[in-house]
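Chemist: See target22.cif below, with mmCIF, C-alpha atoms.
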data_data
#
loop_
_atom_site.group_PDB
_atom_site.id
_atom_site.type_symbol
_atom_site.label_atom_id
_atom_site.label_comp_id
_atom_site.auth_asym_id
_atom_site.auth_seq_id
_atom_site.Cartn_x
_atom_site.Cartn_y
_atom_site.Cartn_z
ATOM 1 C CA MET A 1 -10.254 1.604 26.303
ATOM 2 C CA GLN A 2 -7.994 4.533 25.490
ATOM 3 C CA HIS A 3 -8.706 6.210 22.178
ATOM 4 C CA THR A 4 -5.508 5.931 20.126
ATOM 5 C CA ILE A 5 -6.577 7.057 16.676
ATOM 6 C CA GLU A 6 -4.829 10.279 15.751
ATOM 7 C CA SER A 7 -6.344 13.212 13.935
ATOM 8 C CA THR A 8 -6.450 13.255 10.131
ATOM 9 C CA THR A 9 -5.585 16.947 10.080
ATOM 10 C CA GLY A 10 -2.208 18.054 8.853
ATOM 11 C CA TRP A 11 -0.291 17.391 5.672
ATOM 12 C CA ARG A 12 1.966 14.843 7.390
ATOM 13 C CA VAL A 13 -0.833 12.268 7.538
ATOM 14 C CA TRP A 14 -1.494 12.533 3.817
ATOM 15 C CA TRP A 15 2.214 12.542 3.029
ATOM 16 C CA GLN A 16 2.630 9.436 5.184
ATOM 17 C CA LEU A 17 -0.148 7.773 3.207
ATOM 18 C CA THR A 18 2.100 7.846 0.108
ATOM 19 C CA ARG A 19 4.805 5.956 2.093
ATOM 20 C CA PRO A 20 7.531 8.395 1.001
ATOM 21 C CA HIS A 21 10.422 6.069 1.910
ATOM 22 C CA THR A 22 9.361 3.833 -1.006
ATOM 23 C CA LEU A 23 9.147 6.625 -3.609
ATOM 24 C CA THR A 24 12.879 6.434 -4.314
ATOM 25 C CA ALA A 25 12.082 3.063 -5.874
ATOM 26 C CA ALA A 26 10.308 5.039 -8.607
ATOM 27 C CA PHE A 27 12.788 7.919 -8.949
ATOM 28 C CA ALA A 28 16.117 6.064 -9.107
ATOM 29 C CA PRO A 29 15.267 3.696 -12.013
ATOM 30 C CA VAL A 30 13.830 6.469 -14.200
ATOM 31 C CA PHE A 31 16.882 8.658 -13.591
ATOM 32 C CA LEU A 32 19.260 5.787 -14.304
ATOM 33 C CA GLY A 33 17.440 4.689 -17.455
ATOM 34 C CA THR A 34 17.572 8.249 -18.773
ATOM 35 C CA MET A 35 21.296 8.561 -18.036
ATOM 36 C CA ILE A 36 21.981 5.299 -19.876
ATOM 37 C CA ALA A 37 20.034 6.691 -22.846
ATOM 38 C CA LEU A 38 22.257 9.782 -22.857
ATOM 39 C CA GLN A 39 24.972 7.661 -24.466
ATOM 40 C CA TYR A 40 22.755 7.288 -27.536
ATOM 41 C CA GLY A 41 21.677 10.896 -28.067
ATOM 42 C CA ALA A 42 20.192 14.039 -26.522
ATOM 43 C CA ILE A 43 17.658 13.731 -23.715
ATOM 44 C CA HIS A 44 14.042 14.749 -24.286
ATOM 45 C CA PHE A 45 13.368 16.443 -20.933
ATOM 46 C CA PRO A 46 9.552 16.704 -21.158
ATOM 47 C CA LEU A 47 9.417 12.934 -21.685
ATOM 48 C CA PHE A 48 11.791 12.401 -18.768
ATOM 49 C CA LEU A 49 9.633 14.539 -16.465
ATOM 50 C CA ALA A 50 6.424 12.864 -17.643
ATOM 51 C CA MET A 51 7.905 9.413 -17.058
ATOM 52 C CA LEU A 52 9.247 10.378 -13.637
ATOM 53 C CA THR A 53 5.924 11.864 -12.520
ATOM 54 C CA ALA A 54 3.904 8.914 -13.817
ATOM 55 C CA SER A 55 6.228 6.479 -12.018
ATOM 56 C CA LEU A 56 5.892 8.379 -8.734
ATOM 57 C CA PHE A 57 2.090 8.436 -9.092
ATOM 58 C CA LEU A 58 2.045 4.688 -9.773
ATOM 59 C CA GLN A 59 4.213 3.990 -6.721
ATOM 60 C CA MET A 60 1.971 6.161 -4.532
ATOM 61 C CA ALA A 61 -1.136 4.434 -5.881
ATOM 62 C CA THR A 62 0.351 0.992 -5.270
ATOM 63 C CA ASN A 63 1.135 2.007 -1.685
ATOM 64 C CA MET A 64 -2.430 3.198 -1.193
ATOM 65 C CA PHE A 65 -3.858 -0.029 -2.579
ATOM 66 C CA ASN A 66 -1.567 -1.784 -0.093
ATOM 67 C CA GLU A 67 -2.903 0.406 2.714
ATOM 68 C CA TYR A 68 -6.516 -0.195 1.733
ATOM 69 C CA TYR A 69 -6.348 -3.967 1.277
ATOM 70 C CA ASP A 70 -4.170 -4.573 4.356
ATOM 71 C CA PHE A 71 -6.891 -2.778 6.331
ATOM 72 C CA LYS A 72 -9.724 -4.694 4.657
ATOM 73 C CA ARG A 73 -7.986 -8.008 5.428
ATOM 74 C CA GLY A 74 -7.328 -7.014 9.041
ATOM 75 C CA LEU A 75 -3.522 -6.987 8.759
ATOM 76 C CA ASP A 76 -3.154 -3.437 10.118
ATOM 77 C CA ASP A 77 -4.166 -2.278 13.565
ATOM 78 C CA GLU A 78 -3.442 0.727 15.788
ATOM 79 C CA HIS A 79 -0.282 -0.939 17.090
ATOM 80 C CA SER A 80 1.210 -1.817 13.695
ATOM 81 C CA ILE A 81 4.832 -0.755 13.330
ATOM 82 C CA GLY A 82 5.881 1.177 10.266
ATOM 83 C CA ILE A 83 4.526 3.793 7.964
ATOM 84 C CA GLY A 84 1.478 1.731 6.980
ATOM 85 C CA GLY A 85 -1.712 1.745 9.010
ATOM 86 C CA THR A 86 -2.787 5.313 8.284
ATOM 87 C CA ILE A 87 -6.406 4.189 8.155
ATOM 88 C CA VAL A 88 -6.420 2.603 11.610
ATOM 89 C CA ARG A 89 -4.122 5.084 13.350
ATOM 90 C CA ASN A 90 -5.212 8.356 11.803
ATOM 91 C CA GLY A 91 -8.847 7.689 11.023
ATOM 92 C CA VAL A 92 -8.533 8.240 7.267
ATOM 93 C CA LYS A 93 -11.589 6.705 5.632
ATOM 94 C CA PRO A 94 -10.790 3.583 3.568
ATOM 95 C CA LYS A 95 -12.927 4.821 0.668
ATOM 96 C CA ILE A 96 -10.832 8.002 0.457
ATOM 97 C CA VAL A 97 -7.621 5.954 0.290
ATOM 98 C CA LEU A 98 -9.029 3.782 -2.499
ATOM 99 C CA ASN A 99 -10.307 6.808 -4.453
ATOM 100 C CA LEU A 100 -6.953 8.566 -4.127
ATOM 101 C CA ALA A 101 -5.220 5.493 -5.523
ATOM 102 C CA LEU A 102 -7.614 5.410 -8.480
ATOM 103 C CA LEU A 103 -7.127 9.157 -9.039
ATOM 104 C CA LEU A 104 -3.350 8.711 -9.153
ATOM 105 C CA TYR A 105 -3.813 5.870 -11.623
ATOM 106 C CA GLY A 106 -5.937 8.173 -13.761
ATOM 107 C CA LEU A 107 -3.271 10.891 -13.742
ATOM 108 C CA SER A 108 -0.669 8.262 -14.676
ATOM 109 C CA VAL A 109 -2.818 7.226 -17.632
ATOM 110 C CA LEU A 110 -2.964 10.820 -18.892
ATOM 111 C CA LEU A 111 0.808 11.114 -18.660
ATOM 112 C CA GLY A 112 1.113 7.707 -20.310
ATOM 113 C CA ILE A 113 -1.006 8.867 -23.248
ATOM 114 C CA TYR A 114 1.323 11.843 -23.727
ATOM 115 C CA ILE A 115 4.358 9.554 -23.619
ATOM 116 C CA CYS A 116 2.785 7.143 -26.138
ATOM 117 C CA MET A 117 1.901 10.003 -28.497
ATOM 118 C CA GLN A 118 5.535 11.092 -28.463
ATOM 119 C CA THR A 119 7.019 7.583 -28.744
ATOM 120 C CA SER A 120 5.110 4.327 -29.347
ATOM 121 C CA TRP A 121 1.709 2.934 -28.399
ATOM 122 C CA ILE A 122 3.433 -0.329 -27.507
ATOM 123 C CA LEU A 123 4.126 1.366 -24.195
ATOM 124 C CA ALA A 124 0.374 1.534 -23.573
ATOM 125 C CA VAL A 125 0.323 -2.255 -23.338
ATOM 126 C CA VAL A 126 3.428 -2.366 -21.141
ATOM 127 C CA GLY A 127 2.110 0.418 -18.910
ATOM 128 C CA SER A 128 -1.293 -1.240 -18.551
ATOM 129 C CA ILE A 129 0.346 -4.488 -17.451
ATOM 130 C CA ALA A 130 2.487 -2.588 -14.928
ATOM 131 C CA MET A 131 -0.595 -0.844 -13.525
ATOM 132 C CA LEU A 132 -2.469 -4.148 -13.283
ATOM 133 C CA ILE A 133 0.441 -5.685 -11.400
ATOM 134 C CA GLY A 134 0.493 -2.658 -9.079
ATOM 135 C CA TYR A 135 -3.136 -3.316 -8.206
ATOM 136 C CA LEU A 136 -2.774 -7.094 -7.928
ATOM 137 C CA TYR A 137 0.246 -6.682 -5.653
ATOM 138 C CA THR A 138 -2.117 -6.365 -2.690
ATOM 139 C CA GLY A 139 -5.542 -6.359 -4.378
ATOM 140 C CA GLY A 140 -7.544 -9.116 -6.029
ATOM 141 C CA PRO A 141 -8.234 -12.635 -4.732
ATOM 142 C CA TYR A 142 -4.573 -13.754 -4.700
ATOM 143 C CA PRO A 143 -2.365 -10.765 -3.731
ATOM 144 C CA ILE A 144 1.202 -11.072 -4.997
ATOM 145 C CA ALA A 145 2.548 -9.435 -1.829
ATOM 146 C CA TYR A 146 1.227 -12.354 0.248
ATOM 147 C CA THR A 147 3.257 -14.899 -1.767
ATOM 148 C CA PRO A 148 7.007 -15.699 -2.077
ATOM 149 C CA PHE A 149 7.024 -13.839 -5.416
ATOM 150 C CA GLY A 150 6.503 -10.305 -4.096
ATOM 151 C CA GLU A 151 10.204 -9.413 -4.257
ATOM 152 C CA LEU A 152 10.633 -10.834 -7.755
ATOM 153 C CA VAL A 153 7.602 -9.046 -9.188
ATOM 154 C CA SER A 154 8.233 -5.669 -7.530
ATOM 155 C CA GLY A 155 11.929 -5.804 -8.440
ATOM 156 C CA PHE A 156 11.192 -6.547 -12.088
ATOM 157 C CA VAL A 157 8.428 -3.956 -12.510
ATOM 158 C CA MET A 158 9.702 -1.097 -10.328
ATOM 159 C CA GLY A 159 13.385 -1.796 -10.982
ATOM 160 C CA MET A 160 14.287 -3.300 -14.341
ATOM 161 C CA LEU A 161 11.124 -2.438 -16.292
ATOM 162 C CA LEU A 162 11.131 1.240 -15.256
ATOM 163 C CA ILE A 163 14.746 1.600 -16.367
ATOM 164 C CA LEU A 164 14.037 -0.013 -19.725
ATOM 165 C CA ILE A 165 10.919 2.083 -20.334
ATOM 166 C CA ALA A 166 12.792 5.282 -19.412
ATOM 167 C CA PHE A 167 15.554 4.179 -21.789
ATOM 168 C CA TYR A 168 13.109 3.250 -24.565
ATOM 169 C CA ILE A 169 11.201 6.542 -24.591
ATOM 170 C CA GLN A 170 14.489 8.350 -25.160
ATOM 171 C CA THR A 171 16.051 5.984 -27.731
ATOM 172 C CA GLY A 172 13.202 4.035 -29.330
ATOM 173 C CA THR A 173 14.931 0.735 -28.572
ATOM 174 C CA VAL A 174 16.159 -1.542 -25.794
ATOM 175 C CA THR A 175 19.789 -2.668 -25.827
ATOM 176 C CA GLY A 176 21.592 -5.519 -24.113
ATOM 177 C CA ASN A 177 23.718 -3.020 -22.244
ATOM 178 C CA ALA A 178 20.630 -1.288 -20.837
ATOM 179 C CA ILE A 179 19.317 -4.644 -19.627
ATOM 180 C CA LEU A 180 22.649 -5.485 -17.962
ATOM 181 C CA LEU A 181 22.748 -2.126 -16.179
ATOM 182 C CA SER A 182 19.180 -2.580 -14.917
ATOM 183 C CA VAL A 183 19.870 -5.831 -13.031
ATOM 184 C CA PRO A 184 21.180 -4.178 -9.815
ATOM 185 C CA SER A 185 18.129 -1.907 -9.695
ATOM 186 C CA MET A 186 15.882 -4.956 -9.899
ATOM 187 C CA LEU A 187 17.722 -6.535 -6.959
ATOM 188 C CA LEU A 188 17.720 -3.376 -4.842
ATOM 189 C CA VAL A 189 14.006 -2.711 -5.299
ATOM 190 C CA ALA A 190 13.422 -6.354 -4.374
ATOM 191 C CA ALA A 191 15.603 -5.696 -1.318
ATOM 192 C CA ILE A 192 13.234 -2.919 -0.187
ATOM 193 C CA MET A 193 10.312 -5.339 -0.294
ATOM 194 C CA LEU A 194 12.282 -8.105 1.417
ATOM 195 C CA ALA A 195 13.405 -5.758 4.201
ATOM 196 C CA ASN A 196 9.774 -4.787 4.732
ATOM 197 C CA ASN A 197 8.755 -8.439 4.934
ATOM 198 C CA ILE A 198 11.577 -9.273 7.357
ATOM 199 C CA ARG A 199 10.362 -6.523 9.667
ATOM 200 C CA ASP A 200 6.747 -7.704 9.432
ATOM 201 C CA ILE A 201 7.435 -11.443 9.632
ATOM 202 C CA VAL A 202 5.500 -11.976 12.889
ATOM 203 C CA GLY A 203 2.433 -9.964 11.893
ATOM 204 C CA ASP A 204 2.401 -11.387 8.356
ATOM 205 C CA THR A 205 2.548 -14.927 9.716
ATOM 206 C CA LYS A 206 -0.488 -14.232 11.892
ATOM 207 C CA GLY A 207 -2.221 -12.684 8.879
ATOM 208 C CA GLY A 208 -1.734 -15.818 6.797
ATOM 209 C CA ARG A 209 0.820 -14.477 4.348
ATOM 210 C CA LYS A 210 3.400 -16.787 2.756
ATOM 211 C CA THR A 211 6.174 -14.314 1.996
ATOM 212 C CA LEU A 212 9.738 -15.249 1.149
ATOM 213 C CA ALA A 213 10.837 -14.125 4.614
ATOM 214 C CA ILE A 214 8.279 -16.396 6.283
ATOM 215 C CA LEU A 215 9.034 -19.456 4.142
ATOM 216 C CA THR A 216 12.823 -19.216 4.480
ATOM 217 C CA GLY A 217 12.908 -18.049 8.095
ATOM 218 C CA ARG A 218 14.193 -14.749 9.413
ATOM 219 C CA SER A 219 17.915 -15.585 9.498
ATOM 220 C CA ASN A 220 17.923 -16.964 5.953
ATOM 221 C CA ALA A 221 15.865 -13.998 4.749
ATOM 222 C CA VAL A 222 18.503 -11.590 6.088
ATOM 223 C CA THR A 223 21.154 -13.653 4.298
ATOM 224 C CA ILE A 224 19.154 -13.401 1.054
ATOM 225 C CA LEU A 225 18.882 -9.650 1.601
ATOM 226 C CA ALA A 226 22.668 -9.454 2.015
ATOM 227 C CA SER A 227 23.098 -11.453 -1.201
ATOM 228 C CA PHE A 228 20.927 -8.934 -3.078
ATOM 229 C CA PHE A 229 23.289 -6.187 -1.936
ATOM 230 C CA ILE A 230 26.465 -8.145 -2.689
ATOM 231 C CA VAL A 231 25.399 -9.225 -6.171
ATOM 232 C CA SER A 232 24.399 -5.637 -7.045
ATOM 233 C CA TYR A 233 27.886 -4.277 -6.294
ATOM 234 C CA VAL A 234 29.759 -7.245 -7.762
ATOM 235 C CA TRP A 235 27.610 -6.948 -10.908
ATOM 236 C CA ILE A 236 28.744 -3.368 -11.529
ATOM 237 C CA ILE A 237 32.386 -4.268 -10.849
ATOM 238 C CA ALA A 238 32.063 -7.083 -13.407
ATOM 239 C CA LEU A 239 30.517 -4.713 -15.978
ATOM 240 C CA VAL A 240 33.434 -2.320 -15.477
ATOM 241 C CA LEU A 241 36.000 -5.106 -15.865
ATOM 242 C CA THR A 242 34.323 -6.366 -19.054
ATOM 243 C CA GLY A 243 34.095 -2.878 -20.572
ATOM 244 C CA HIS A 244 30.289 -2.581 -20.556
ATOM 245 C CA VAL A 245 30.510 0.601 -18.487
ATOM 246 C CA SER A 246 33.297 3.001 -17.552
ATOM 247 C CA ALA A 247 35.218 2.933 -14.277
ATOM 248 C CA TRP A 248 33.178 5.958 -13.192
ATOM 249 C CA ALA A 249 30.395 3.473 -12.459
ATOM 250 C CA LEU A 250 32.428 2.442 -9.415
ATOM 251 C CA LEU A 251 31.060 5.558 -7.738
ATOM 252 C CA VAL A 252 28.325 3.188 -6.527
ATOM 253 C CA LEU A 253 30.847 1.826 -4.013
ATOM 254 C CA LEU A 254 30.408 5.044 -2.024
ATOM 255 C CA SER A 255 26.979 3.786 -0.971
ATOM 256 C CA ILE A 256 28.258 0.543 0.617
ATOM 257 C CA PRO A 257 28.025 1.785 4.261
ATOM 258 C CA LYS A 258 24.213 1.876 3.993
ATOM 259 C CA PRO A 259 23.625 -1.813 3.184
ATOM 260 C CA LEU A 260 26.320 -2.849 5.653
ATOM 261 C CA HIS A 261 24.491 -0.984 8.406
ATOM 262 C CA ALA A 262 21.154 -2.426 7.281
ATOM 263 C CA ILE A 263 22.370 -6.021 7.538
ATOM 264 C CA LYS A 264 24.095 -5.344 10.862
ATOM 265 C CA THR A 265 20.864 -3.909 12.260
ATOM 266 C CA PHE A 266 18.753 -6.836 11.053
ATOM 267 C CA ARG A 267 21.231 -9.273 12.605
ATOM 268 C CA GLN A 268 21.351 -7.389 15.895
ATOM 269 C CA TYR A 269 17.650 -6.679 16.435
ATOM 270 C CA GLU A 270 14.372 -8.454 15.743
ATOM 271 C CA GLN A 271 11.729 -6.118 17.158
ATOM 272 C CA PRO A 272 10.025 -4.217 14.290
ATOM 273 C CA ILE A 273 10.538 -0.821 15.943
ATOM 274 C CA HIS A 274 14.280 -1.486 16.310
ATOM 275 C CA VAL A 275 14.849 -2.460 12.668
ATOM 276 C CA MET A 276 13.242 0.659 11.225
ATOM 277 C CA PRO A 277 16.720 2.207 10.602
ATOM 278 C CA ALA A 278 17.553 -0.857 8.504
ATOM 279 C CA MET A 279 14.406 -0.243 6.448
ATOM 280 C CA LYS A 280 15.538 3.315 5.805
ATOM 281 C CA ASP A 281 19.090 2.222 4.926
ATOM 282 C CA THR A 282 17.747 -0.290 2.400
ATOM 283 C CA GLY A 283 15.666 2.358 0.660
ATOM 284 C CA VAL A 284 18.559 4.829 0.694
ATOM 285 C CA THR A 285 20.841 2.155 -0.793
ATOM 286 C CA ASN A 286 18.559 1.870 -3.808
ATOM 287 C CA THR A 287 18.467 5.639 -4.240
ATOM 288 C CA LEU A 288 22.199 6.232 -3.812
ATOM 289 C CA PHE A 289 23.173 3.280 -5.977
ATOM 290 C CA GLY A 290 20.966 4.348 -8.894
ATOM 291 C CA PHE A 291 21.910 8.013 -8.529
ATOM 292 C CA LEU A 292 25.663 7.342 -8.295
ATOM 293 C CA LEU A 293 25.587 4.917 -11.221
ATOM 294 C CA GLY A 294 23.684 7.472 -13.287
ATOM 295 C CA ILE A 295 26.154 10.212 -12.320
ATOM 296 C CA GLY A 296 29.070 7.923 -13.229
ATOM 297 C CA ILE A 297 27.567 7.300 -16.670
ATOM 298 C CA LEU A 298 26.935 11.045 -17.065
ATOM 299 C CA ILE A 299 30.536 11.929 -16.175
ATOM 300 C CA ALA A 300 31.919 9.283 -18.558
ATOM 301 C CA HIS A 301 29.728 10.697 -21.328
ATOM 302 C CA PHE A 302 31.200 14.193 -21.081
ATOM 303 C CA ILE A 303 34.839 13.252 -20.473
#
Could you spell out this file's structure in structure tokens?

Modeler:
Amino acid sequence: MQHTIESTTGWRVWWQLTRPHTLTAAFAPVFLGTMIALQYGAIHFPLFLAMLTASLFLQMATNMFNEYYDFKRGLDDEHSIGIGGTIVRNGVKPKIVLNLALLLYGLSVLLGIYICMQTSWILAVVGSIAMLIGYLYTGGPYPIAYTPFGELVSGFVMGMLLILIAFYIQTGTVTGNAILLSVPSMLLVAAIMLANNIRDIVGDTKGGRKTLAILTGRSNAVTILASFFIVSYVWIIALVLTGHVSAWALLVLLSIPKPLHAIKTFRQYEQPIHVMPAMKDTGVTNTLFGFLLGIGILIAHFI
């Protein structure tokens, strides 16, 4: 049989292990939460940087746990489509992947201690729960990612919760307006996970998963994905019309071509390799939406 495992040499393999297309799910919410906080006072930049770095480390660690446990459960092989499967395709030792994930968790804890010392130790409890969820997403006896609740949990933790924590460390409180502005981020992070599960529906079914995409069927899952996009944009329009945010927030509409292309691609193709552009568009939608909304809030603050 032909030997298909690639070499572990080169930084690209290790960069791929972090699943960089998902890292925007950590950056966008922290940026947005900080911009919302700007309306309530000056920004503490060291806290912003610490929160951003810790969030990126947590996302990387979660991805590595995913990599490790998918391999251990036999869900990845050398022919798997996507950015996962570094262990089987590149020969990276599973133990190294697990240790890297634990190291990143440790670094996140150190940053979390700094953040708590500057703000409140209540965040230690919240952060610990978030880290536990990150591990249980694919680890433990009943992985969340293998259930219909993966989108809900990832959207809440990596979308809404990150925004509210970023907001809290700057203001010392959580407001109703901050919660309202975090809803689209929750939906768009959930969309990233749903897009991933739509792509992997055949392999996940064979692996025994019961994801939302599997239970609803591919066509309905794409419709649900489209609804996540639609609600996100309509939500911001509604907040503008009700005066919760300025009209500058409508800058998010500039990102609409990305989700439109994602849905079109998912409707047109079914093969995993052919829907990879839709995966990218979904991730970019989350990034652009959060960035443009944050910029809109920033502009409104200074005008």

Chemist: Run the PyMOL selection byres ((chain A and resi 222-235) around 6) mentally over the shown coordinates, then write out the matched residues as a list in words, using the chain letters and numbers from the document.

Modeler: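 Checked against the file, the PyMOL selection byres ((chain A and resi 222-235) around 6) matches Pro184, Leu187, Ala191, Ser219, Asn220, Ala221, Ile236, Ile237 and Ala238 of chain A.
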
Chemist: Please check which residues have atoms at most 9 Å from (20.9, 0.9, -6.7) in the file's coordinates, counting all atoms listed in the file, and write them as a list in words.

Modeler: Ala28, Pro29, Pro184, Ser185, Met186, Leu187, Leu188, Val189, Phe229, Ser232, Tyr233, Val252, Ser255, Val284, Thr285, Asn286, Thr287, Leu288, Phe289, Gly290, Phe291, Leu292 and Leu293 of chain A

Chemist: One number please: CA of Ile96 in chain A to CA of Leu52 in chain A, in Å, one decimal.

Modeler: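 Computed distance, CA of Ile96 in chain A to CA of Leu52 in chain A, equals 24.6 Å.
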
Chemist: Produce the centre coordinates and the three edge lengths, each in Å to one decimal, of the box along x, y and z that contains all listed atoms of range 133-137 of chain A with 8 Å added on each side, as lines of an AutoDock Vina configuration file.

Modeler:
center_x = -1.3
center_y = -4.9
center_z = -8.5
size_x = 19.6
size_y = 20.4
size_z = 21.7

Chemist: Enumerate, as a PyMOL selection string, the residues matched when the PyMOL selection byres ((chain A and resi 192) around 8) is run on the file above.

Modeler: chain A and resi 22+188-191+193-196+279+282-283

Chemist: Please write as a ChimeraX atom specification the full residue list that the PyMOL selection byres ((chain A and resi 214) around 10) yields on this file.

Modeler: /A:147-148,197-198,200-202,204-205,209-213,215-218,220-221

Chemist: Find the residue from A:Gly294, A:Gly176, A:Gly139, A:Gly127 that sits nearest to Asn66 in chain A; use all atoms listed in the file when measuring.

Modeler: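 Of A:Gly294, A:Gly176, A:Gly139, A:Gly127, the one nearest Asn66 in chain A is A:Gly139, counting all atoms listed in the file.
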
Chemist: Measuring atom to atom with all atoms listed in the file, identify which of A:Phe266, A:Phe31, A:Phe156, A:Phe48 is nearest to Lys280 in chain A.

Modeler: A:Phe266

Chemist: Enter the distance from CA of Leu23 in chain A to CA of Thr62 in chain A, in Å, rounded to one decimal.

Modeler: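 These two atoms are separated by 10.6 Å.
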